[in-house]
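What follows is a short report on a single structure.
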Amino acid sequence: MLTTRRRALAAAALGPFAPAILRAAEPDLTALGDLTSGAKPINAAERARRLSRAQALMRANGIGAVLVEPGASLTYFTGIRWSRSERLTAALIPTEGEPLIVTPFFEEPSVRETLAIPATVRVWQEHEDPLRLVATYLSERGLAARPIGIEETVRAFATEGLRRALPDARLVSANPVVRASRMIKTPAEIALMQAASDVTVAAYRWTWPRIEAGMTGADIAALMNAATRRLGGAPEFALVLIGEASAYPHGSREVYRVAPGQVVLMDCGCTVGGYQSDISRTGVFGRPTPPVARVWDHMARGQQLAFATARLGTPASQVDDAVRRFYTGLGYGPDYRLPGLSHRTGHGIGMDGHEPVNLVRGELTRLAPGMCFSNEPGLYLPGRFGIRLEDCFHMTESGPRYFSEPPRSIEQPV
């Protein structure tokens, strides 16, 4: 469950004891081995299939070309790993033939380092308009009069620049192409997500027994990230909420320290081969009190119900609806009210930690093989504590299958 605010909180400065904790843990870390040596990166054949599918979807939806800026979608289709700036680098995927890559002249060598498909590369100089290169390419291909799909994260300046370069162009959403392509994961993508989940689970197993009284969330996160790296994953986030901070899904700016009887909620993920994991575990340092154990059990049952409801052909909204009905019957809520579940039951996941579609009220997309989701219907009691268990699953022809198995009891949260 990753947001910009949560990422900022998770990236906060390490606690004062973190360096010493890491030094003390070094002998233990050396015992960990790389779990990702067998992970296979996305290959040329897979990328060719992606482009072929996207072009078929363009033809089916009457779209002549799709414009994509740097980010997961650009990497998905072209392999290019690039950051956004005021200098436009982008891809234009036509309904037939090679994509066009536009980039500043001085960036071309760097862009080509990760370009993984056959493509036409055209460069622009600092005084030139890169969208005119796009417009010229569309005209050369006879596509300027056809609808042009705009990937949903493309910035306004690029869209408006294309409108100026092609005043008569009809710009439409590229969701029927890009979302429809990325939403359905292939076996190669599922394998990388499984590898990332395996790393995170192993890092949890290593980290949890090393939690000690007096540690802050940042101290524990430092251990988790160190283990993740040692196991072969690239840490994406490690959010650790202690005591009352766990009552707020993305935590508090207050610094809490581990003490006997306190809830410890960890929400962590990593990347392997460009694909993410996202797993949450909640336990207690010492013995749980009956109220905490009861809420943990309620939340675990909510997660089980969500998994049981996720069947092929079921609208995504029904997973969230089922959990909320169950929680209301237990006295939580109703709806998003607290104490209760204040966020959606789950989100899509893949190259991005959050991808369409969500397990949320009103989402009518039907579950299909290859879709991947988090399952995290947390329960939060403001001023007291919160419980969140999060495990991701993917839809198969026979129903949902977990990447990580949920814990069975609060006494053994990992």
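Labels used: A, B, ... for chains in the order of the structure tokens, numbers from 1 for residues in each chain, and numbers from 1 for ligands as shown.
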Write out as JSON, numbers by chain all residues of segment 157-343 of chain A that backbone DSSP assigns to strand (DSSP E or B). {"A": [171, 172, 173, 216, 234, 235, 236, 237, 238, 239, 240, 241, 242, 257, 263, 264, 265, 266, 267, 268, 269, 270, 271, 272, 275, 276, 279, 280, 281, 282, 283, 284, 315, 340]}
Contacts of Met193 of chain A at 7 Å (only C-alpha atoms; same-chain gap of 3+ positions) as a ChimeraX atom specification: /A:189-190,196-197,275-277
Which polymer residues have any atom within 7 Å of an atom of Ser374 of chain A, counting only C-alpha atoms, with same-chain residues fewer than 2 positions away left out, as an mmCIF file with N, CA and C atoms, in the first residue's frame?
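Saved result, out-v4.cif, follows:
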```cif
data_model
loop_
_atom_site.group_PDB
_atom_site.id
_atom_site.type_symbol
_atom_site.label_atom_id
_atom_site.label_comp_id
_atom_site.auth_asym_id
_atom_site.auth_seq_id
_atom_site.Cartn_x
_atom_site.Cartn_y
_atom_site.Cartn_z
ATOM 1 N N GLY A 346 -7.734 -3.561 -1.699
ATOM 2 C CA GLY A 346 -6.497 -3.905 -2.394
ATOM 3 C C GLY A 346 -6.280 -3.067 -3.633
ATOM 4 N N HIS A 347 -5.074 -3.147 -4.167
ATOM 5 C CA HIS A 347 -4.702 -2.409 -5.372
ATOM 6 C C HIS A 347 -4.006 -3.335 -6.347
ATOM 7 N N GLY A 348 -4.019 -2.962 -7.606
ATOM 8 C CA GLY A 348 -3.246 -3.693 -8.590
ATOM 9 C C GLY A 348 -1.763 -3.496 -8.332
ATOM 10 N N ILE A 349 -0.940 -4.427 -8.818
ATOM 11 C CA ILE A 349 0.502 -4.343 -8.588
ATOM 12 C C ILE A 349 1.224 -5.029 -9.736
ATOM 13 N N GLU A 376 -5.375 -6.475 1.522
ATOM 14 C CA GLU A 376 -4.948 -5.809 2.751
ATOM 15 C C GLU A 376 -6.081 -5.041 3.440
ATOM 16 N N GLU A 390 -0.956 -7.988 4.707
ATOM 17 C CA GLU A 390 -1.051 -7.743 3.265
ATOM 18 C C GLU A 390 -0.272 -8.807 2.517
ATOM 19 N N ASP A 391 -0.981 -9.498 1.641
ATOM 20 C CA ASP A 391 -0.369 -10.482 0.762
ATOM 21 C C ASP A 391 -0.930 -10.275 -0.637
ATOM 22 N N CYS A 392 -0.080 -10.370 -1.639
ATOM 23 C CA CYS A 392 -0.532 -10.179 -3.014
ATOM 24 C C CYS A 392 -0.855 -11.532 -3.652
ATOM 25 N N PHE A 393 -1.787 -11.503 -4.575
ATOM 26 C CA PHE A 393 -2.160 -12.717 -5.293
ATOM 27 C C PHE A 393 -2.330 -12.419 -6.772
#
```
So, with only C-alpha atoms as the atoms that count, which of A:Leu341, A:Leu389, A:Ile148, A:Leu171 lies closest to Cys268 of chain A?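 Ranking A:Leu341, A:Leu389, A:Ile148, A:Leu171 by distance to Cys268 of chain A, first place goes to A:Leu389.
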List as a PyMOL selection string the protein and nucleic acid residues near Phe157 of chain A, meaning an atom at most 12 Å away when only C-alpha atoms are counted, but skip any in the same chain fewer than 3 places from it. chain A and resi 69+85-88+129-131+153-154+160-164
Next, dump the selected residues to file, keeping only N, CA and C atoms, as a compact mmCIF listing (two decimals), in the first residue's frame.
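Okay, this is what ended up in part_1.txt:
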```txt
# COMPACT_ATOMS: atom_id res chain seq x y z
N GLU A 69 5.42 8.60 -22.01
CA GLU A 69 6.57 9.26 -21.39
C GLU A 69 7.34 8.28 -20.51
N SER A 85 11.99 14.93 -17.02
CA SER A 85 12.46 16.29 -16.77
C SER A 85 11.72 17.21 -17.74
N GLU A 86 12.11 18.47 -17.75
CA GLU A 86 11.47 19.39 -18.68
C GLU A 86 11.89 19.11 -20.12
N ARG A 87 12.97 18.33 -20.30
CA ARG A 87 13.41 17.94 -21.64
C ARG A 87 12.73 16.61 -21.99
N LEU A 88 11.88 16.63 -22.98
CA LEU A 88 11.06 15.45 -23.29
C LEU A 88 11.85 14.32 -23.93
N ASP A 129 11.39 22.01 -30.84
CA ASP A 129 10.21 21.45 -30.20
C ASP A 129 10.13 19.95 -30.49
N PRO A 130 10.30 19.10 -29.49
CA PRO A 130 10.29 17.65 -29.74
C PRO A 130 8.94 17.14 -30.24
N LEU A 131 7.86 17.85 -29.91
CA LEU A 131 6.54 17.39 -30.36
C LEU A 131 6.37 17.55 -31.86
N THR A 153 -0.31 8.91 -17.72
CA THR A 153 0.59 9.71 -16.90
C THR A 153 1.36 10.76 -17.69
N VAL A 154 1.11 10.87 -19.00
CA VAL A 154 1.79 11.88 -19.81
C VAL A 154 1.44 13.27 -19.29
N GLU A 160 -0.24 19.29 -24.65
CA GLU A 160 -0.52 20.58 -25.28
C GLU A 160 0.45 20.86 -26.42
N GLY A 161 1.69 20.42 -26.28
CA GLY A 161 2.65 20.59 -27.37
C GLY A 161 2.25 19.81 -28.61
N LEU A 162 1.70 18.64 -28.41
CA LEU A 162 1.23 17.84 -29.55
C LEU A 162 0.01 18.51 -30.19
N ARG A 163 -0.85 19.10 -29.38
CA ARG A 163 -2.01 19.82 -29.94
C ARG A 163 -1.55 20.99 -30.80
N ARG A 164 -0.51 21.70 -30.35
CA ARG A 164 -0.02 22.82 -31.14
C ARG A 164 0.60 22.34 -32.45
```
Alpha helix (DSSP H) call set, DSSP backbone run, segment 76-304 of chain A, as an NGL selection string: :A and (76-78 or 108-112 or 130-140 or 156-165 or 175-183 or 187-207 or 217-230 or 290-304)
Filtering to C-alpha atoms, could you give me those residues as a compact mmCIF listing (two decimals), in the first residue's frame?
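Now in out_6.txt:
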```txt
# COMPACT_ATOMS: atom_id res chain seq x y z
CA TYR A 76 7.32 -2.08 -20.30
CA PHE A 77 7.16 -1.47 -24.05
CA THR A 78 10.71 -0.34 -24.94
CA GLU A 108 20.73 9.74 -27.19
CA PRO A 109 23.72 7.57 -26.19
CA SER A 110 22.38 7.15 -22.65
CA VAL A 111 18.84 6.40 -23.83
CA ARG A 112 20.13 3.73 -26.22
CA PRO A 130 10.29 17.65 -29.74
CA LEU A 131 6.54 17.39 -30.36
CA ARG A 132 7.11 18.54 -33.93
CA LEU A 133 9.23 15.43 -34.44
CA VAL A 134 6.27 13.39 -33.23
CA ALA A 135 3.89 15.28 -35.52
CA THR A 136 6.18 14.78 -38.51
CA TYR A 137 6.47 11.06 -37.83
CA LEU A 138 2.69 10.71 -37.59
CA SER A 139 2.26 12.56 -40.89
CA GLU A 140 4.89 10.42 -42.61
CA ALA A 156 0.11 18.35 -19.78
CA PHE A 157 2.98 20.19 -21.49
CA ALA A 158 3.56 17.22 -23.79
CA THR A 159 -0.13 16.86 -24.61
CA GLU A 160 -0.52 20.58 -25.28
CA GLY A 161 2.65 20.59 -27.37
CA LEU A 162 1.23 17.84 -29.55
CA ARG A 163 -2.01 19.82 -29.94
CA ARG A 164 -0.02 22.82 -31.14
CA ALA A 165 1.98 20.71 -33.58
CA ASN A 175 -6.10 3.16 -21.40
CA PRO A 176 -7.75 0.62 -23.73
CA VAL A 177 -4.24 -0.17 -24.97
CA VAL A 178 -1.78 0.45 -22.13
CA ARG A 179 -3.96 -0.59 -19.19
CA ALA A 180 -5.29 -3.59 -21.04
CA SER A 181 -1.72 -4.68 -21.86
CA ARG A 182 -0.10 -4.14 -18.45
CA MET A 183 -3.05 -5.37 -16.38
CA PRO A 187 4.17 -16.08 -16.80
CA ALA A 188 7.51 -14.23 -17.10
CA GLU A 189 6.13 -11.27 -15.14
CA ILE A 190 4.48 -13.52 -12.55
CA ALA A 191 7.82 -15.29 -12.01
CA LEU A 192 9.61 -12.00 -11.29
CA MET A 193 6.86 -10.93 -8.87
CA GLN A 194 7.17 -14.30 -7.14
CA ALA A 195 10.93 -13.78 -6.80
CA ALA A 196 10.39 -10.34 -5.27
CA SER A 197 7.85 -11.75 -2.82
CA ASP A 198 10.19 -14.59 -1.86
CA VAL A 199 12.90 -12.05 -1.03
CA THR A 200 10.57 -9.95 1.11
CA VAL A 201 9.27 -12.97 3.02
CA ALA A 202 12.83 -14.15 3.68
CA ALA A 203 13.84 -10.66 4.83
CA TYR A 204 10.89 -10.62 7.23
CA ARG A 205 11.91 -13.98 8.68
CA TRP A 206 15.42 -12.67 9.26
CA THR A 207 14.36 -9.27 10.64
CA GLY A 217 10.69 2.11 13.16
CA ALA A 218 13.69 3.44 11.22
CA ASP A 219 16.02 1.08 13.10
CA ILE A 220 13.91 -1.92 12.14
CA ALA A 221 13.53 -0.67 8.55
CA ALA A 222 17.32 -0.47 8.26
CA LEU A 223 17.58 -4.15 9.19
CA MET A 224 14.83 -5.09 6.73
CA ASN A 225 16.42 -3.19 3.86
CA ALA A 226 19.86 -4.63 4.61
CA ALA A 227 18.46 -8.16 4.53
CA THR A 228 16.53 -7.43 1.33
CA ARG A 229 19.68 -6.28 -0.46
CA ARG A 230 21.61 -9.28 0.76
CA PRO A 290 -6.87 -9.90 24.22
CA PRO A 291 -8.17 -6.77 22.38
CA VAL A 292 -5.19 -6.77 20.02
CA ALA A 293 -5.46 -10.53 19.42
CA ARG A 294 -9.18 -10.19 18.71
CA VAL A 295 -8.73 -7.42 16.12
CA TRP A 296 -5.85 -9.34 14.52
CA ASP A 297 -8.15 -12.35 14.16
CA HIS A 298 -10.94 -10.20 12.69
CA MET A 299 -8.54 -8.72 10.13
CA ALA A 300 -7.15 -12.14 9.20
CA ARG A 301 -10.69 -13.38 8.58
CA GLY A 302 -11.39 -10.30 6.45
CA GLN A 303 -8.33 -11.10 4.35
CA GLN A 304 -9.47 -14.71 3.98
```
From the set A:Arg81, A:Arg170, A:Arg281, A:Arg344, which residue has the shortest atom-to-atom contact distance to Asp320 of chain A, counting only C-alpha atoms?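 Nearest to Asp320 of chain A: A:Arg344.
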Counting only C-alpha atoms, what is within 8 Å of Gly273 of chain A, bar same-chain residues fewer than 5 positions away, as a PyMOL selection string? chain A and resi 39-42+192
Selection file, C-alpha atoms, as a PDB file, in the first residue's frame:
```
ATOM      1  CA  ALA A  39      15.276 -14.863 -11.960  1.00  0.00           C
ATOM      2  CA  LYS A  40      14.985 -14.388 -15.717  1.00  0.00           C
ATOM      3  CA  PRO A  41      14.720 -10.815 -17.046  1.00  0.00           C
ATOM      4  CA  ILE A  42      12.144  -9.838 -19.625  1.00  0.00           C
ATOM      5  CA  LEU A 192       9.609 -11.998 -11.292  1.00  0.00           C
TER       6      LEU A 192
END
```
Kindly indicate which residue among A:Pro70, A:Glu128, A:Glu26, A:Thr36 lies nearest to Gly233 of chain A, using only C-alpha atoms for the distances. A:Thr36
Please identify all polymer residues within 9 Å of Ala316 of chain A, counting only C-alpha atoms, omitting same-chain residues fewer than 5 positions from it, and present them as a count of residues only. 12
